[in-house]
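Next up, protein-v6.txt (compact mmCIF, C-alpha atoms):
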```txt
# COMPACT_ATOMS: atom_id res chain seq x y z
CA MET Q 1 -6.34 -19.84 11.17
CA GLY Q 2 -3.23 -19.21 9.08
CA HIS Q 3 -2.72 -16.38 6.64
CA VAL Q 4 -4.19 -16.49 3.13
CA ARG Q 5 -1.88 -17.95 0.49
CA TYR Q 6 -2.62 -15.19 -1.99
CA ILE Q 7 -0.15 -16.29 -4.65
CA GLU Q 8 -1.81 -19.71 -4.97
CA ARG Q 9 -5.31 -18.33 -4.49
CA ILE Q 10 -4.92 -15.58 -7.11
CA ARG Q 11 -3.31 -17.98 -9.60
CA ASP Q 12 -6.19 -20.45 -9.27
CA TYR Q 13 -8.80 -17.69 -9.37
CA TYR Q 14 -7.57 -16.09 -12.57
CA LEU Q 15 -6.99 -19.47 -14.25
CA SER Q 16 -10.65 -20.24 -13.50
CA GLN Q 17 -11.60 -16.85 -15.01
CA GLY Q 18 -9.92 -17.74 -18.29
CA TYR Q 19 -6.65 -15.84 -17.86
CA GLU Q 20 -4.10 -18.41 -18.94
CA LYS Q 21 -0.76 -16.99 -17.89
CA PRO Q 22 -0.26 -16.90 -14.11
CA TYR Q 23 1.28 -13.71 -12.77
CA ALA Q 24 4.96 -14.01 -11.93
CA TRP Q 25 5.31 -12.22 -8.60
CA ALA Q 26 8.43 -10.25 -7.78
CA ALA Q 27 11.02 -12.31 -5.90
CA PHE Q 28 14.46 -11.09 -4.90
CA ASP Q 29 17.34 -13.08 -3.44
CA ASP Q 30 19.16 -9.95 -2.36
CA VAL Q 31 17.15 -7.49 -0.29
CA PRO Q 32 18.62 -4.09 0.54
CA PHE Q 33 18.66 -2.69 4.05
CA THR Q 34 19.35 0.85 5.20
CA PRO Q 35 19.63 1.55 8.93
CA LEU Q 36 18.19 4.73 10.38
CA LYS Q 37 20.60 7.61 10.01
CA LYS Q 38 19.30 9.48 13.04
CA PRO Q 39 16.74 8.96 15.79
CA LEU Q 40 13.12 8.93 14.63
CA ALA Q 41 12.41 11.85 16.93
CA GLU Q 42 14.75 13.89 14.72
CA SER Q 43 13.71 12.33 11.40
CA THR Q 44 11.45 13.51 8.59
CA VAL Q 45 8.97 10.79 7.64
CA THR Q 46 7.14 10.36 4.36
CA LEU Q 47 4.37 7.98 3.31
CA PHE Q 48 3.56 6.09 0.10
CA SER Q 49 0.52 4.00 -0.66
CA THR Q 50 -1.20 2.35 -3.60
CA SER Q 51 -4.63 3.45 -2.42
CA ASP Q 52 -5.12 5.80 -5.40
CA VAL Q 53 -6.26 8.50 -3.01
CA SER Q 54 -7.85 11.65 -4.42
CA VAL Q 55 -9.33 14.88 -3.20
CA ARG Q 56 -13.09 14.88 -3.75
CA ARG Q 57 -13.92 16.88 -6.85
CA GLY Q 58 -17.06 18.00 -8.59
CA ALA Q 59 -18.59 15.48 -11.00
CA ASP Q 60 -17.49 17.59 -13.96
CA GLU Q 61 -13.87 17.97 -12.83
CA ALA Q 62 -11.42 15.55 -14.43
CA LEU Q 63 -8.74 13.80 -12.42
CA PRO Q 64 -5.22 15.14 -12.99
CA ALA Q 65 -3.37 13.01 -15.56
CA ALA Q 66 -0.73 12.14 -12.96
CA GLU Q 67 -3.38 10.29 -10.96
CA THR Q 68 -4.28 7.96 -13.81
CA THR Q 69 -0.97 7.32 -15.58
CA VAL Q 70 0.24 3.81 -14.80
CA GLY Q 71 3.63 3.83 -13.09
CA GLU Q 72 3.44 7.50 -12.09
CA VAL Q 73 3.93 8.73 -8.51
CA TYR Q 74 1.82 11.72 -7.47
CA SER Q 75 1.75 13.82 -4.33
CA VAL Q 76 -0.99 15.30 -2.16
CA PRO Q 77 -0.38 17.95 0.53
CA TRP Q 78 -0.41 16.35 3.98
CA ASP Q 79 -2.47 19.21 5.38
CA THR Q 80 -5.38 18.31 3.09
CA PRO Q 81 -8.33 17.69 5.45
CA VAL Q 82 -8.64 13.90 5.68
CA GLU Q 83 -12.43 14.06 5.33
CA THR Q 84 -11.99 15.49 1.82
CA LEU Q 85 -9.98 12.47 0.67
CA TYR Q 86 -11.24 9.19 -0.75
CA SER Q 87 -9.72 6.12 -2.36
CA ARG Q 88 -10.34 5.27 -6.02
CA GLN Q 89 -8.80 1.84 -5.46
CA GLU Q 90 -11.08 -0.98 -6.63
CA SER Q 91 -8.71 -3.83 -5.86
CA PHE Q 92 -9.48 -4.67 -2.24
CA ASP Q 93 -11.68 -7.16 -0.39
CA ARG Q 94 -14.97 -5.32 -0.87
CA TYR Q 95 -16.92 -8.11 0.85
CA ALA Q 96 -14.95 -7.97 4.10
CA THR Q 97 -13.98 -4.32 4.53
CA SER Q 98 -14.37 -0.80 3.15
CA LEU Q 99 -12.13 2.11 2.24
CA ASP Q 100 -14.34 4.57 4.12
CA ASP Q 101 -11.71 5.38 6.75
CA VAL Q 102 -8.59 6.78 5.08
CA ASN Q 103 -6.51 6.06 8.18
CA SER Q 104 -7.10 2.32 7.84
CA TYR Q 105 -4.86 2.25 4.74
CA LEU Q 106 -3.15 5.64 4.71
CA PRO Q 107 -2.29 6.61 8.30
CA LEU Q 108 -2.17 10.36 7.77
CA THR Q 109 -3.73 11.38 11.07
CA ARG Q 110 -1.99 8.61 13.03
CA LEU Q 111 1.41 9.88 11.83
CA GLN Q 112 0.48 13.49 12.61
CA GLU Q 113 -0.25 12.29 16.15
CA CYS Q 114 3.23 10.73 16.27
CA VAL Q 115 4.74 14.14 15.46
CA GLU Q 116 2.63 15.80 18.16
CA ALA Q 117 3.80 13.16 20.65
CA GLY Q 118 7.44 13.67 19.68
CA ARG Q 119 7.80 10.07 18.49
CA ILE Q 120 8.92 11.29 15.06
CA GLY Q 121 10.49 14.62 14.14
CA THR Q 122 8.29 15.85 11.33
CA LEU Q 123 6.43 14.82 8.18
CA THR Q 124 7.14 15.78 4.60
CA ALA Q 125 4.84 18.47 3.19
CA ASP Q 126 3.23 15.88 0.88
CA PHE Q 127 2.39 12.18 1.00
CA HIS Q 128 2.49 10.13 -2.17
CA ASN Q 129 0.67 7.56 -4.25
CA ILE Q 130 2.26 4.98 -6.51
CA ASN Q 131 0.03 4.14 -9.47
CA ARG Q 132 0.73 0.47 -9.55
CA GLY Q 133 0.74 -1.56 -12.71
CA TYR Q 134 0.93 -5.13 -13.84
CA SER Q 135 4.43 -4.69 -15.21
CA LYS Q 136 7.25 -5.35 -12.73
CA ARG Q 137 9.61 -3.63 -15.15
CA LEU Q 138 7.52 -0.46 -15.06
CA MET Q 139 7.51 -0.55 -11.25
CA MET Q 140 11.28 -1.10 -11.08
CA GLU Q 141 12.38 1.30 -13.79
CA THR Q 142 9.79 4.06 -13.55
CA ALA Q 143 7.78 4.02 -10.32
CA ALA Q 144 10.57 3.12 -7.88
CA PRO Q 145 13.04 5.80 -9.08
CA ALA Q 146 10.20 8.35 -9.08
CA ALA Q 147 9.34 7.40 -5.49
CA LEU Q 148 12.97 7.74 -4.41
CA GLU Q 149 13.15 11.15 -6.09
CA LYS Q 150 10.06 12.23 -4.12
CA CYS Q 151 11.87 11.21 -0.93
CA ARG Q 152 14.98 13.14 -1.85
CA GLU Q 153 13.32 16.33 -3.00
CA SER Q 154 11.14 16.46 0.11
CA GLY Q 155 13.99 15.82 2.52
CA ALA Q 156 12.60 12.54 3.85
CA ASP Q 157 14.82 10.45 6.12
CA VAL Q 158 12.40 7.52 6.36
CA ALA Q 159 9.59 6.15 4.17
CA ILE Q 160 6.56 4.18 5.33
CA LEU Q 161 4.79 2.16 2.63
CA THR Q 162 1.23 0.93 2.89
CA PRO Q 163 0.22 -1.22 -0.10
CA VAL Q 164 -3.54 -1.68 -0.29
CA MET V 1 16.33 5.19 2.36
CA PRO V 2 15.15 3.29 5.47
CA THR V 3 11.67 1.87 4.77
CA VAL V 4 8.99 -0.17 6.47
CA ILE V 5 5.97 -1.79 4.80
CA ILE V 6 2.67 -2.23 6.61
CA GLY V 7 0.84 -4.92 4.69
CA ALA V 8 -1.68 -7.73 4.69
CA ALA V 9 -0.54 -10.10 1.91
CA LYS V 10 2.16 -11.94 3.85
CA ASP V 11 3.18 -14.43 1.19
CA ILE V 12 3.46 -11.79 -1.53
CA VAL V 13 5.60 -9.48 0.60
CA LEU V 14 7.84 -12.30 1.86
CA THR V 15 8.26 -13.68 -1.67
CA CYS V 16 9.33 -10.26 -2.90
CA GLY V 17 11.63 -9.68 0.06
CA VAL V 18 11.61 -6.30 1.80
CA PRO V 19 13.77 -4.63 4.44
CA ARG V 20 11.09 -4.37 7.16
CA PHE V 21 7.53 -5.67 7.20
CA VAL V 22 4.72 -5.26 9.72
CA PHE V 23 2.20 -8.01 8.98
CA VAL V 24 -1.45 -7.30 9.68
CA ASP V 25 -3.58 -10.38 8.98
CA PHE V 26 -6.58 -8.42 7.70
CA PRO V 27 -8.58 -8.34 4.46
CA LEU V 28 -6.92 -6.52 1.56
CA GLY V 29 -7.74 -2.83 1.97
CA SER V 30 -7.18 -2.41 5.71
CA PRO V 31 -3.45 -2.90 6.32
CA CYS V 32 -3.28 -0.11 8.90
CA GLY V 33 -6.11 -1.33 11.11
CA GLU V 34 -9.84 -1.80 11.10
CA PRO V 35 -11.79 1.21 9.79
CA PHE V 36 -12.50 3.73 12.57
CA ASP V 37 -10.57 1.74 15.21
CA VAL V 38 -8.22 4.56 16.16
CA ALA V 39 -6.55 2.73 19.05
CA MET V 40 -5.70 -0.25 16.84
CA GLN V 41 -4.39 2.01 14.07
CA ARG V 42 -2.13 3.72 16.61
CA ARG V 43 -0.72 0.37 17.73
CA ILE V 44 0.05 -0.68 14.15
CA VAL V 45 1.77 2.58 13.22
CA GLY V 46 3.65 2.44 16.53
CA SER V 47 4.89 -1.06 15.70
CA ALA V 48 6.09 0.11 12.29
CA LEU V 49 8.11 2.86 13.98
CA ASP V 50 9.46 0.38 16.54
CA LEU V 51 10.55 -1.96 13.74
CA LEU V 52 12.33 0.88 11.94
CA GLU V 53 14.44 1.26 15.06
CA SER V 54 14.93 -2.36 16.06
CA ALA V 55 15.59 -4.13 12.73
CA GLU V 56 19.23 -4.87 12.06
CA ALA V 57 19.00 -6.80 8.79
CA PRO V 58 16.64 -7.18 5.81
CA ARG V 59 13.51 -9.38 5.89
CA ALA V 60 12.76 -8.19 9.42
CA MET V 61 9.11 -8.95 10.18
CA ARG V 62 6.75 -8.17 13.02
CA ASP V 63 3.41 -10.02 13.11
CA MET V 64 0.81 -7.83 14.85
CA GLY V 65 -1.09 -10.98 15.86
CA LEU V 66 -4.43 -9.29 15.23
CA VAL V 67 -7.67 -11.10 14.37
CA TRP V 68 -10.34 -9.40 12.23
CA SER V 69 -13.21 -8.54 14.56
CA LYS V 70 -15.92 -9.90 12.25
CA GLY V 71 -14.39 -13.36 12.13
CA GLN V 72 -12.13 -15.25 9.76
CA ALA V 73 -14.63 -16.28 7.08
CA TRP V 74 -13.14 -13.77 4.64
CA LYS V 75 -10.04 -15.95 4.41
CA ASP V 76 -12.05 -18.77 2.84
CA THR V 77 -13.95 -16.63 0.38
CA VAL V 78 -11.44 -14.09 -0.94
CA PHE V 79 -10.58 -14.76 -4.60
CA THR V 80 -13.22 -17.44 -5.07
CA ALA V 81 -15.89 -17.82 -7.74
CA GLU V 82 -18.69 -17.05 -5.28
CA GLN V 83 -17.13 -13.67 -4.48
CA PRO V 84 -15.66 -12.17 -7.66
CA PHE V 85 -12.79 -10.04 -6.40
CA LEU V 86 -13.47 -7.13 -8.73
CA SER V 87 -16.89 -5.87 -9.71
CA GLU V 88 -17.72 -6.00 -13.42
CA ALA V 89 -17.06 -2.28 -13.69
CA ALA V 90 -13.73 -2.70 -11.90
CA VAL V 91 -12.70 -5.50 -14.28
CA LYS V 92 -13.37 -3.14 -17.19
CA ASN V 93 -11.26 -0.44 -15.51
CA TRP V 94 -8.48 -2.97 -14.91
CA GLU V 95 -8.48 -4.05 -18.54
CA ALA V 96 -8.52 -0.38 -19.60
CA ARG V 97 -5.56 0.34 -17.33
CA LYS V 98 -3.60 -2.51 -18.88
CA GLN V 99 -4.45 -1.18 -22.35
CA ARG V 100 -3.42 2.34 -21.29
CA TYR V 101 -0.06 0.98 -20.20
CA ARG V 102 0.38 -0.79 -23.54
CA ASP V 103 -0.41 2.54 -25.26
CA GLN V 104 2.02 4.40 -22.99
CA LYS V 105 4.71 1.89 -23.91
CA ALA V 106 3.94 2.18 -27.62
CA GLU V 107 4.38 5.97 -27.43
CA THR V 108 7.90 5.73 -25.99
```

If you convert what's in this file into structure tokens, what do you get?
Amino acid sequence: MGHVRYIERIRDYYLSQGYEKPYAWAAFDDVPFTPLKKPLAESTVTLFSTSDVSVRRGADEALPAAETTVGEVYSVPWDTPVETLYSRQESFDRYATSLDDVNSYLPLTRLQECVEAGRIGTLTADFHNINRGYSKRLMMETAAPAALEKCRESGADVAILTPV
Amino acid sequence: MPTVIIGAAKDIVLTCGVPRFVFVDFPLGSPCGEPFDVAMQRRIVGSALDLLESAEAPRAMRDMGLVWSKGQAWKDTVFTAEQPFLSEAAVKNWEARKQRYRDQKAET
């Protein structure tokens, strides 16, 4: 069975739900490409996702504003125990899968294992979340530069991205 | 910055165009492998690292060739009327997020 044609499927779905204007997905003719600057075994790797991951908090503790501002990129220390993390993401196929295993969308432990095995040099102190939004302009002009800045300030040589 | 995307929505990623893409043909939410399948997750992350090294030009793609262990029925039902993608509460949150963005924009 072939892959799902999400662009068609989502367009038809939201038209049927009464949303009249189909979403115009990002499409670029020119795609950038940056080769590795040094071997992975000597590289610092960082990780971004759109899983809206959070540290479990008490019911009366508010989320930090950075975690709810659309277009913002926030960071979480990589040494946070993975069992204390959860995803606030609601946009996933809740009928077919779950977000109960952080490593199935945010491979924190799997990448730590790659460091231990010598496959990659090291990881940045933090991993990051991109608070995605509907606006492509916001993603291009706000989120993307903020993500690149996170890479630079943390000394990352390589970024892995896992959109949920 | 060299990047690689591990993702499940093949048409959306290919339409956008990205430097390197590891395609995992799984339901949205599990791009890095089935929940609690550590061996599979290791293979997927390993392939992403391999692609970082082997790609020589943009739009490089590796298809993991994986099949969801509970069958393929999800492909027929995702984004259909019988399975509303977002719960009612999630639709409200989505609308609120859009409104919050409009408010953010109005403030600037």

Near-Tyr23 of chain Q list (9 Å; all atoms listed in the file; drop same-chain fewer than 4 positions) as a PyMOL selection string
chain Q and resi 7+10-11+134

Using all atoms listed in the file, which residues sit within 6 Å of segment 39-49 of chain Q once same-chain residues fewer than 5 positions away are excluded, as a PyMOL selection string?
chain Q and resi 118-124+127-129+156-163

Interatomic distance between atom CA of Ala27 of chain Q and atom CA of Ile5 of chain V?
15.8 Å

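Counting only C-alpha atoms, the residue from Q:Trp78, Q:Tyr86, Q:Tyr14, Q:Tyr105 that sits nearest to chain V is Q:Tyr105.
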
Find the residues of chain Q that sit at most 8 Å from chain V; for each, write down the nearest two atoms and how far apart they are in Å, to one decimal. Count only C-alpha atoms. Sort by chain, then by number going up, and give it as CSV.
```
residue,atom,partner,partner_atom,distance
Q:Met1,CA,V:Gln72,CA,7.5
Q:His3,CA,V:Asp25,CA,6.5
Q:Val4,CA,V:Lys75,CA,6.0
Q:Arg5,CA,V:Asp11,CA,6.2
Q:Tyr6,CA,V:Asp11,CA,6.7
Q:Ile7,CA,V:Ile12,CA,6.6
Q:Arg9,CA,V:Phe79,CA,6.4
Q:Ile10,CA,V:Phe79,CA,6.2
Q:Tyr13,CA,V:Phe79,CA,5.9
Q:Trp25,CA,V:Cys16,CA,7.2
Q:Ala26,CA,V:Cys16,CA,5.0
Q:Ala27,CA,V:Cys16,CA,4.0
Q:Phe28,CA,V:Cys16,CA,5.6
Q:Asp29,CA,V:Gly17,CA,7.5
Q:Asp30,CA,V:Gly17,CA,7.9
Q:Val31,CA,V:Gly17,CA,5.9
Q:Pro32,CA,V:Pro19,CA,6.2
Q:Phe33,CA,V:Pro58,CA,5.2
Q:Thr34,CA,V:Pro2,CA,4.9
Q:Pro35,CA,V:Pro2,CA,5.9
Q:Leu36,CA,V:Pro2,CA,6.0
Q:Leu40,CA,V:Glu53,CA,7.8
Q:Thr69,CA,V:Tyr101,CA,7.9
Q:Val70,CA,V:Tyr101,CA,6.1
Q:Glu90,CA,V:Ala90,CA,6.1
Q:Ser91,CA,V:Leu86,CA,6.5
Q:Phe92,CA,V:Gly29,CA,4.9
Q:Asp93,CA,V:Leu28,CA,5.2
Q:Arg94,CA,V:Phe85,CA,7.6
Q:Tyr95,CA,V:Gln83,CA,7.7
Q:Ala96,CA,V:Trp74,CA,6.1
Q:Thr97,CA,V:Pro27,CA,6.7
Q:Ser98,CA,V:Gly29,CA,7.0
Q:Leu99,CA,V:Gly29,CA,6.6
Q:Asp100,CA,V:Pro35,CA,7.1
Q:Asp101,CA,V:Pro35,CA,5.2
Q:Val102,CA,V:Pro35,CA,8.0
Q:Asn103,CA,V:Cys32,CA,7.0
Q:Ser104,CA,V:Cys32,CA,4.6
Q:Tyr105,CA,V:Cys32,CA,5.0
Q:Leu106,CA,V:Cys32,CA,7.1
Q:Pro107,CA,V:Cys32,CA,6.8
Q:Arg110,CA,V:Arg42,CA,6.1
Q:Leu111,CA,V:Val45,CA,7.4
Q:Gly133,CA,V:Lys98,CA,7.6
Q:Tyr134,CA,V:Lys98,CA,7.3
Q:Leu148,CA,V:Met1,CA,8.0
Q:Asp157,CA,V:Met1,CA,6.6
Q:Val158,CA,V:Pro2,CA,5.1
Q:Ala159,CA,V:Thr3,CA,4.8
Q:Ile160,CA,V:Val4,CA,5.1
Q:Leu161,CA,V:Ile5,CA,4.7
Q:Thr162,CA,V:Ile6,CA,5.1
Q:Pro163,CA,V:Gly7,CA,6.1
Q:Val164,CA,V:Gly29,CA,4.9
```

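Picture a line from atom CA of Pro77 of chain Q to atom CA of Leu138 of chain Q; it runs 25.4 Å.
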
Quick one: 3 Å padding each side, axis-aligned, all listed atoms of segment 144-150 of chain Q - centre and edge lengths in Å to one decimal, as lines of an AutoDock Vina configuration file?
```
center_x = 11.2
center_y = 7.7
center_z = -6.6
size_x = 9.8
size_y = 15.1
size_z = 11.0
```

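For the pair atom CA of Asn131 of chain Q and atom CA of Met61 of chain V, the separation is 25.3 Å.
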
Take the point (8.1, 15.8, -7.5) as written in the file and pick out every residue within 12 Å of it, counting all atoms listed in the file; give the list as a PyMOL selection string.
chain Q and resi 66+72-77+125-129+145-155
